[in-house]
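Below you'll find the structure, written out as structure tokens, and then a few comments.
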Amino acid sequence: MENTSGNKKQKFKFYQLGLVGLLALLAVGFFDNPMKAKTKSEAKNVTIAENEAITFKFWTWFTADETKDDAYYRQEFKKYKENGFHAVLINTGTDADLLKKVAPFATEVGLEVHAWMFTVNRPGDKIAEKHPEWYAVSRDGKSCYDQPPYVGYYKWLCPTREESRDHILSLVSGLAAVDGVASVHLDYIRYSDIFLPIGLLPKYNLEQNTELPRFDFCYCDVCLAAFEEEHHKNPKDFEHPEIDIEWKNFRLNKVKSIVDEAYEIAHENGKLLTSAVFPYPEMADHMVRQRWDKWNVDVVLPMIYHGFYNEELDWIGYATKQGVADLKGRQTELHTGLYLPDFDDKTLEKAILIAKKNGAKGVSVFDGPALKDNQLQVIKKLSKKFNP
């Protein structure tokens, strides 16, 4: 789940090894698979049949640290299970070997394991760093390779370029092949923020009343050539590229194509595809060129972080309801994502009830190690209530 807060160092320690985290740090080729392709229902049967009785699921995000011993993981995952959680999203920096080591500690206590990965934003990616041409380029010509927007770890790859796409999908394949994993969980599956959440703007001394060239991606040669071949015009020639619908849809579809291919990879491996996304599709479209209601994805966990947007608790219900409505007629489930620093125990309980009332199939909280005892008690109580 994209996050950013003042104590980021603790949460994204693994980035010192190769990765790092953000939406809130701000604030605050395919591998050949010999397995027969499975249908969506078959994938579910493979991965989460033991939890079919769950009517309202509780998830949490968790970052693995290879310096921690086995006892740490056993204790942490036992804490989640004993307090009503059903699933843990584990970030290993796309290290499949670390995931193989850590995942059994969660599954042995009865937790689903979801392989959480940074997708288009790839800070600390040693393979990508050898290829500067893979990185997204802003409208004013700045590459995320050496001039990332907002913060140093916004290392966005171009979602159009074949080589960068294949690299991303190879990482999906590696995680999907790990035994015991229920899904591959895509995070940062979008472009860099065109608009930051309004609550974060003062931290960067920014005004964003229109699409600014510095934050508008991707204008690399491959993107421009591919668009011009299809539409016979070049975005660099537009006086107002922000109002050209074909140019926007071109980029929305480049993200969708990565998701849809990741979906096929996950299902070929008997896994689901899940994703952390922005609060609801129209908002995600506007802020980060992410139209997740059109994706092939099994579960979305929209990050409905009301504090980032200077909103009240009831906005959690609004955003949840909007996302559920936008998914109508699709198989995709919506589970509301909540940001723990914005809650005490009373407001956390209220937020969960609001999300459920407005159609969420569960909630995920960011992040597990930050859970306080009173918040754990809220989860435990409501998990028993909703899943008798």
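Just remember, in the structure tokens the first chain shown is A, the second B, etc., residues are 1-based per chain, and ligands are 1-based in the order shown.
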
>> From a backbone DSSP assignment, name each residue in segment 228-321 of chain A labelled helix (DSSP H, G or I), as a PyMOL selection string.
In response: chain A and resi 228-231+235-237+241-243+245-268+281-288+292-294+306-309+314-321

> Contacts of Arg251 of chain A at 9 Å or less, counting only C-alpha atoms, minus same-chain residues fewer than 6 places along, as a PyMOL selection string?
Replying inline: chain A and resi 159-160+191+217-218+223+289-290

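Summary of the local environment: counting only C-alpha atoms, residues at most 6 Å from Val181 of chain A, other than itself and those fewer than 2 positions away along its chain, are Val113, His114, Asp179 and Ser183 of chain A.
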
Per-residue nearest contacts of segment 320-350 of chain A to segment 292-303 of chain A (12 Å; only C-alpha atoms) as CSV:
residue,atom,partner,partner_atom,distance
A:Thr320,CA,A:Pro302,CA,8.1
A:Lys321,CA,A:Pro302,CA,11.4
A:Gln322,CA,A:Asp293,CA,10.8
A:Gly323,CA,A:Asp293,CA,7.9
A:Val324,CA,A:Asp293,CA,9.3
A:Ala325,CA,A:Asp293,CA,9.6
A:Asp326,CA,A:Asp293,CA,6.2
A:Leu327,CA,A:Asp293,CA,5.6
A:Lys328,CA,A:Asp293,CA,9.1
A:Gly329,CA,A:Asp293,CA,10.4
A:Arg330,CA,A:Asp293,CA,8.4
A:Gln331,CA,A:Asp298,CA,6.8
A:Thr332,CA,A:Asp298,CA,4.7
A:Glu333,CA,A:Val299,CA,4.7
A:Leu334,CA,A:Val300,CA,5.1
A:His335,CA,A:Leu301,CA,4.9
A:Thr336,CA,A:Leu301,CA,5.4
A:Gly337,CA,A:Met303,CA,4.5
A:Leu338,CA,A:Met303,CA,6.3
A:Tyr339,CA,A:Met303,CA,7.8
A:Leu340,CA,A:Met303,CA,11.4

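The gap separating atom CA of Lys78 of chain A from atom CA of Asp367 of chain A is 15.3 Å, in Å to one decimal.
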
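Minimum distance to Pro104 of chain A across A:Asp70, A:Asp285, A:Asp221, A:Glu264 (counting only C-alpha atoms) occurs at A:Asp70.
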
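Proximity to Phe118 of chain A was assessed for A:Thr94, A:Ser138, A:Gln375, A:Gln208 counting only C-alpha atoms; the smallest distance is recorded for A:Thr94.
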
>> Can you pull out the residues contacting Ala136 of chain A? Cut-off 12 Å, using only C-alpha atoms, and skip same-chain residues under 3 positions away; I want them as a PyMOL selection string.
In response: chain A and resi 120-122+128+131-133+139-149+154-161+164-165+190-192+214-224+251

Expected file contents, prior selection, N, CA and C atoms, as a short mmCIF file (atom, residue, chain, number, x, y, z; two decimals), in the first residue's frame:
data_model
loop_
_atom_site.label_atom_id
_atom_site.label_comp_id
_atom_site.auth_asym_id
_atom_site.auth_seq_id
_atom_site.Cartn_x
_atom_site.Cartn_y
_atom_site.Cartn_z
N VAL A 120 5.19 0.01 -11.18
CA VAL A 120 5.78 0.94 -12.15
C VAL A 120 6.82 1.84 -11.47
N ASN A 121 6.59 2.18 -10.23
CA ASN A 121 7.61 2.91 -9.46
C ASN A 121 8.59 1.89 -8.90
N ARG A 122 9.86 1.96 -9.31
CA ARG A 122 10.82 0.92 -8.98
C ARG A 122 12.10 1.49 -8.35
N ALA A 128 16.89 -2.26 -13.39
CA ALA A 128 16.40 -1.08 -14.11
C ALA A 128 17.45 0.02 -14.14
N HIS A 131 19.62 0.67 -17.05
CA HIS A 131 18.97 1.07 -18.31
C HIS A 131 18.27 2.42 -18.13
N PRO A 132 19.00 3.51 -18.17
CA PRO A 132 18.40 4.84 -17.98
C PRO A 132 17.25 5.13 -18.94
N GLU A 133 17.30 4.52 -20.13
CA GLU A 133 16.26 4.78 -21.13
C GLU A 133 14.91 4.19 -20.73
N ARG A 139 6.93 16.07 -19.22
CA ARG A 139 6.67 16.96 -20.36
C ARG A 139 7.78 17.99 -20.54
N ASP A 140 8.43 18.36 -19.44
CA ASP A 140 9.53 19.33 -19.56
C ASP A 140 10.89 18.64 -19.71
N GLY A 141 10.88 17.34 -20.03
CA GLY A 141 12.10 16.65 -20.42
C GLY A 141 12.94 16.07 -19.32
N LYS A 142 12.42 15.98 -18.11
CA LYS A 142 13.20 15.44 -16.99
C LYS A 142 12.89 13.95 -16.81
N SER A 143 13.97 13.16 -16.73
CA SER A 143 13.82 11.72 -16.57
C SER A 143 13.77 11.34 -15.10
N CYS A 144 12.90 10.38 -14.78
CA CYS A 144 12.85 9.87 -13.41
C CYS A 144 14.12 9.14 -13.03
N TYR A 145 14.96 8.82 -13.99
CA TYR A 145 16.22 8.16 -13.70
C TYR A 145 17.12 9.02 -12.83
N ASP A 146 17.25 10.29 -13.20
CA ASP A 146 18.15 11.16 -12.45
C ASP A 146 17.51 12.45 -11.94
N GLN A 147 16.25 12.70 -12.31
CA GLN A 147 15.53 13.89 -11.83
C GLN A 147 14.09 13.51 -11.46
N PRO A 148 13.94 12.66 -10.46
CA PRO A 148 12.60 12.20 -10.09
C PRO A 148 11.75 13.33 -9.53
N PRO A 149 10.44 13.29 -9.73
CA PRO A 149 9.55 14.32 -9.22
C PRO A 149 9.29 14.15 -7.72
N TYR A 154 11.03 8.41 -6.22
CA TYR A 154 10.00 8.29 -7.26
C TYR A 154 10.70 7.93 -8.56
N LYS A 155 10.96 6.66 -8.74
CA LYS A 155 11.73 6.16 -9.87
C LYS A 155 10.80 5.41 -10.83
N TRP A 156 9.99 6.17 -11.54
CA TRP A 156 8.95 5.59 -12.39
C TRP A 156 9.52 5.09 -13.71
N LEU A 157 9.15 3.88 -14.08
CA LEU A 157 9.52 3.34 -15.38
C LEU A 157 8.46 3.70 -16.41
N CYS A 158 8.85 3.68 -17.68
CA CYS A 158 7.90 3.91 -18.75
C CYS A 158 7.04 2.67 -18.94
N PRO A 159 5.71 2.79 -18.88
CA PRO A 159 4.85 1.62 -19.05
C PRO A 159 4.61 1.24 -20.51
N THR A 160 5.15 2.03 -21.44
CA THR A 160 4.98 1.75 -22.87
C THR A 160 6.14 0.95 -23.42
N ARG A 161 7.34 1.29 -23.02
CA ARG A 161 8.56 0.68 -23.55
C ARG A 161 8.57 -0.83 -23.27
N SER A 164 11.00 -2.21 -20.37
CA SER A 164 10.62 -1.92 -18.99
C SER A 164 9.37 -2.69 -18.59
N ARG A 165 8.42 -2.83 -19.52
CA ARG A 165 7.22 -3.62 -19.24
C ARG A 165 7.59 -5.08 -18.98
N ARG A 190 0.59 2.76 -11.80
CA ARG A 190 0.05 4.03 -12.29
C ARG A 190 1.20 4.88 -12.81
N TYR A 191 0.89 6.13 -13.14
CA TYR A 191 1.93 7.13 -13.42
C TYR A 191 2.21 7.91 -12.13
N SER A 192 3.26 8.70 -12.15
CA SER A 192 3.54 9.58 -11.02
C SER A 192 2.38 10.56 -10.83
N ARG A 214 6.13 19.56 -15.12
CA ARG A 214 7.07 18.78 -14.31
C ARG A 214 6.48 17.47 -13.82
N PHE A 215 5.16 17.41 -13.69
CA PHE A 215 4.52 16.23 -13.12
C PHE A 215 3.68 15.46 -14.13
N ASP A 216 3.84 15.78 -15.40
CA ASP A 216 3.07 15.16 -16.47
C ASP A 216 3.95 14.16 -17.21
N PHE A 217 3.60 12.88 -17.17
CA PHE A 217 4.39 11.78 -17.76
C PHE A 217 3.50 10.94 -18.66
N CYS A 218 4.06 10.21 -19.61
CA CYS A 218 5.46 10.07 -19.99
C CYS A 218 5.61 10.59 -21.42
N TYR A 219 6.66 11.38 -21.63
CA TYR A 219 6.94 11.99 -22.93
C TYR A 219 8.27 11.48 -23.49
N CYS A 220 8.61 10.23 -23.21
CA CYS A 220 9.83 9.67 -23.79
C CYS A 220 9.60 9.42 -25.28
N ASP A 221 10.67 9.17 -25.99
CA ASP A 221 10.58 8.99 -27.44
C ASP A 221 9.68 7.82 -27.82
N VAL A 222 9.70 6.75 -27.03
CA VAL A 222 8.88 5.58 -27.34
C VAL A 222 7.40 5.90 -27.20
N CYS A 223 7.02 6.59 -26.14
CA CYS A 223 5.61 6.97 -25.94
C CYS A 223 5.13 7.89 -27.05
N LEU A 224 5.92 8.89 -27.37
CA LEU A 224 5.53 9.86 -28.40
C LEU A 224 5.38 9.19 -29.76
N ARG A 251 -2.42 6.68 -22.25
CA ARG A 251 -1.65 6.38 -21.05
C ARG A 251 -2.44 5.52 -20.07
#

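What separates atom CA of Leu201 of chain A from atom CA of Ile316 of chain A is a distance of 20.7 Å.
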
Skip Met287 of chain A itself and residues of its chain fewer than 3 positions away, then list as an mmCIF file with N, CA, C and O atoms, in the first residue's frame all residues within 10 Å of it, counting only C-alpha atoms.
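Now in selection06.cif:
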data_model
loop_
_atom_site.group_PDB
_atom_site.id
_atom_site.type_symbol
_atom_site.label_atom_id
_atom_site.label_comp_id
_atom_site.auth_asym_id
_atom_site.auth_seq_id
_atom_site.Cartn_x
_atom_site.Cartn_y
_atom_site.Cartn_z
ATOM 1 N N ARG A 190 0.589 2.762 -11.804
ATOM 2 C CA ARG A 190 0.050 4.034 -12.288
ATOM 3 C C ARG A 190 1.197 4.883 -12.806
ATOM 4 O O ARG A 190 2.332 4.425 -12.851
ATOM 5 N N TYR A 191 0.892 6.130 -13.144
ATOM 6 C CA TYR A 191 1.930 7.125 -13.416
ATOM 7 C C TYR A 191 2.207 7.908 -12.131
ATOM 8 O O TYR A 191 1.465 7.809 -11.141
ATOM 9 N N SER A 192 3.264 8.698 -12.153
ATOM 10 C CA SER A 192 3.537 9.583 -11.022
ATOM 11 C C SER A 192 2.380 10.563 -10.831
ATOM 12 O O SER A 192 1.643 10.871 -11.773
ATOM 13 N N ASP A 193 2.239 11.061 -9.619
ATOM 14 C CA ASP A 193 1.142 11.962 -9.279
ATOM 15 C C ASP A 193 1.145 13.223 -10.132
ATOM 16 O O ASP A 193 2.094 14.007 -10.109
ATOM 17 N N ILE A 194 0.067 13.442 -10.860
ATOM 18 C CA ILE A 194 -0.143 14.717 -11.539
ATOM 19 C C ILE A 194 -0.563 15.752 -10.506
ATOM 20 O O ILE A 194 -0.118 16.898 -10.511
ATOM 21 N N PHE A 195 -1.427 15.300 -9.609
ATOM 22 C CA PHE A 195 -1.882 16.127 -8.497
ATOM 23 C C PHE A 195 -1.659 15.363 -7.199
ATOM 24 O O PHE A 195 -2.081 14.213 -7.073
ATOM 25 N N LEU A 196 -1.022 15.998 -6.247
ATOM 26 C CA LEU A 196 -0.909 15.406 -4.918
ATOM 27 C C LEU A 196 -2.221 15.568 -4.171
ATOM 28 O O LEU A 196 -2.995 16.496 -4.438
ATOM 29 N N PRO A 197 -2.498 14.703 -3.195
ATOM 30 C CA PRO A 197 -3.637 14.946 -2.303
ATOM 31 C C PRO A 197 -3.524 16.339 -1.691
ATOM 32 O O PRO A 197 -2.426 16.777 -1.313
ATOM 33 N N GLU A 211 -2.494 20.772 -14.765
ATOM 34 C CA GLU A 211 -1.445 19.782 -14.960
ATOM 35 C C GLU A 211 -0.140 20.498 -15.305
ATOM 36 O O GLU A 211 -0.011 21.099 -16.369
ATOM 37 N N PHE A 278 -5.895 4.220 -5.997
ATOM 38 C CA PHE A 278 -6.386 5.484 -5.450
ATOM 39 C C PHE A 278 -7.884 5.386 -5.144
ATOM 40 O O PHE A 278 -8.561 4.478 -5.621
ATOM 41 N N PRO A 281 -12.354 5.393 -9.021
ATOM 42 C CA PRO A 281 -11.788 5.468 -10.371
ATOM 43 C C PRO A 281 -11.675 6.863 -10.973
ATOM 44 O O PRO A 281 -10.646 7.193 -11.565
ATOM 45 N N GLU A 282 -12.714 7.677 -10.834
ATOM 46 C CA GLU A 282 -12.639 9.017 -11.429
ATOM 47 C C GLU A 282 -11.536 9.851 -10.782
ATOM 48 O O GLU A 282 -10.838 10.615 -11.448
ATOM 49 N N MET A 283 -11.383 9.682 -9.504
ATOM 50 C CA MET A 283 -10.339 10.405 -8.778
ATOM 51 C C MET A 283 -8.961 9.890 -9.174
ATOM 52 O O MET A 283 -8.016 10.664 -9.379
ATOM 53 N N ALA A 284 -8.831 8.576 -9.298
ATOM 54 C CA ALA A 284 -7.564 7.970 -9.700
ATOM 55 C C ALA A 284 -7.181 8.395 -11.113
ATOM 56 O O ALA A 284 -6.009 8.674 -11.408
ATOM 57 N N GLN A 290 -5.011 6.427 -13.580
ATOM 58 C CA GLN A 290 -5.241 5.044 -13.137
ATOM 59 C C GLN A 290 -6.745 4.811 -13.135
ATOM 60 O O GLN A 290 -7.457 5.331 -12.272
#

Residues of segment 287-348 of chain A in strand (DSSP E or B) according to DSSP, as a tab-separated table (two decimals) with all heavy atoms, in the first residue's frame?
chain	number	residue	atom	x	y	z
A	299	VAL	N	-9.22	-8.29	-6.87
A	299	VAL	CA	-9.55	-7.49	-5.69
A	299	VAL	C	-8.79	-6.17	-5.75
A	299	VAL	O	-7.60	-6.16	-6.07
A	299	VAL	CB	-9.17	-8.23	-4.37
A	299	VAL	CG1	-9.57	-7.40	-3.15
A	299	VAL	CG2	-9.82	-9.60	-4.31
A	300	VAL	N	-9.47	-5.08	-5.45
A	300	VAL	CA	-8.80	-3.79	-5.29
A	300	VAL	C	-8.92	-3.33	-3.85
A	300	VAL	O	-9.94	-3.54	-3.18
A	300	VAL	CB	-9.37	-2.70	-6.23
A	300	VAL	CG1	-8.99	-2.99	-7.68
A	300	VAL	CG2	-10.88	-2.56	-6.08
A	301	LEU	N	-7.85	-2.71	-3.37
A	301	LEU	CA	-7.81	-2.13	-2.03
A	301	LEU	C	-7.56	-0.63	-2.17
A	301	LEU	O	-6.42	-0.17	-2.11
A	301	LEU	CB	-6.71	-2.79	-1.19
A	301	LEU	CG	-7.00	-4.17	-0.60
A	301	LEU	CD1	-7.14	-5.23	-1.69
A	301	LEU	CD2	-5.90	-4.59	0.37
A	302	PRO	N	-8.60	0.15	-2.44
A	302	PRO	CA	-8.40	1.59	-2.61
A	302	PRO	C	-7.93	2.24	-1.31
A	302	PRO	O	-8.47	1.97	-0.24
A	302	PRO	CB	-9.78	2.10	-3.03
A	302	PRO	CG	-10.74	1.05	-2.58
A	302	PRO	CD	-10.00	-0.24	-2.64
A	303	MET	N	-6.92	3.09	-1.43
A	303	MET	CA	-6.34	3.76	-0.27
A	303	MET	C	-7.19	4.98	0.07
A	303	MET	O	-6.91	6.10	-0.37
A	303	MET	CB	-4.90	4.15	-0.58
A	303	MET	CG	-4.04	2.94	-0.89
A	303	MET	SD	-2.41	3.41	-1.53
A	303	MET	CE	-2.86	4.02	-3.16
A	333	GLU	N	-13.72	-7.48	-6.42
A	333	GLU	CA	-14.15	-7.09	-5.08
A	333	GLU	C	-13.41	-5.83	-4.63
A	333	GLU	O	-12.26	-5.60	-5.02
A	333	GLU	CB	-13.86	-8.21	-4.08
A	333	GLU	CG	-14.72	-9.43	-4.25
A	333	GLU	CD	-14.50	-10.44	-3.12
A	333	GLU	OE1	-13.66	-10.16	-2.21
A	333	GLU	OE2	-15.15	-11.49	-3.14
A	334	LEU	N	-14.05	-5.06	-3.78
A	334	LEU	CA	-13.43	-3.86	-3.21
A	334	LEU	C	-13.32	-4.02	-1.70
A	334	LEU	O	-14.31	-4.32	-1.01
A	334	LEU	CB	-14.25	-2.62	-3.56
A	334	LEU	CG	-13.68	-1.26	-3.11
A	334	LEU	CD1	-14.09	-0.16	-4.10
A	334	LEU	CD2	-14.12	-0.87	-1.70
A	336	THR	N	-11.76	-1.75	1.46
A	336	THR	CA	-11.31	-0.38	1.74
A	336	THR	C	-9.99	-0.35	2.50
A	336	THR	O	-9.82	-1.05	3.51
A	336	THR	CB	-12.40	0.35	2.56
A	336	THR	OG1	-13.59	0.44	1.77
A	336	THR	CG2	-11.95	1.74	2.96
A	337	GLY	N	-9.06	0.49	2.03
A	337	GLY	CA	-7.79	0.69	2.70
A	337	GLY	C	-7.84	1.88	3.63
A	337	GLY	O	-8.32	2.95	3.25
A	338	LEU	N	-7.34	1.71	4.86
A	338	LEU	CA	-7.36	2.77	5.87
A	338	LEU	C	-5.94	3.05	6.37
A	338	LEU	O	-5.11	2.13	6.45
A	338	LEU	CB	-8.25	2.37	7.05
A	338	LEU	CG	-9.71	2.03	6.72
A	338	LEU	CD1	-10.42	1.50	7.97
A	338	LEU	CD2	-10.44	3.24	6.15
A	339	TYR	N	-5.68	4.30	6.73
A	339	TYR	CA	-4.35	4.73	7.16
A	339	TYR	C	-4.35	4.95	8.67
A	339	TYR	O	-4.97	5.89	9.18
A	339	TYR	CB	-4.01	6.02	6.42
A	339	TYR	CG	-2.62	6.54	6.66
A	339	TYR	CD1	-1.50	5.75	6.39
A	339	TYR	CD2	-2.41	7.84	7.12
A	339	TYR	CE1	-0.22	6.24	6.59
A	339	TYR	CE2	-1.14	8.33	7.32
A	339	TYR	CZ	-0.04	7.53	7.05
A	339	TYR	OH	1.22	8.02	7.24

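Nearest to Ser275 of chain A of all the residues A:Lys356, A:Lys372, A:His185, A:Arg291 is A:His185, based on only C-alpha atoms.
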
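Using only C-alpha atoms, the residues found no farther than 12 Å from Glu311 of chain A, other than those of its own chain fewer than 5 positions away, are A:Pro197, A:Ile198, A:Gly199, A:Ile304, A:Tyr305, A:His306, A:Ile316, A:Gly317, A:Tyr318, A:Ala319, A:Asp342.
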
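Considering the residues A:Ala96, A:Ala176, A:Val109, A:Ile54 and counting only C-alpha atoms, Arg74 of chain A has its shortest atom-to-atom contact with A:Val109.
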
> What's the 10 Å shell around Trp247 of chain A, counting only C-alpha atoms, without same-chain residues fewer than 4 positions away, as an MDAnalysis selection string?
Replying inline: chainID A and resid 224 227:228 231 233:235 241:243 251:252

> Mind pulling up the distance from atom CA of Thr274 of chain A to atom CA of Thr92 of chain A?
Replying inline: 16.1 Å
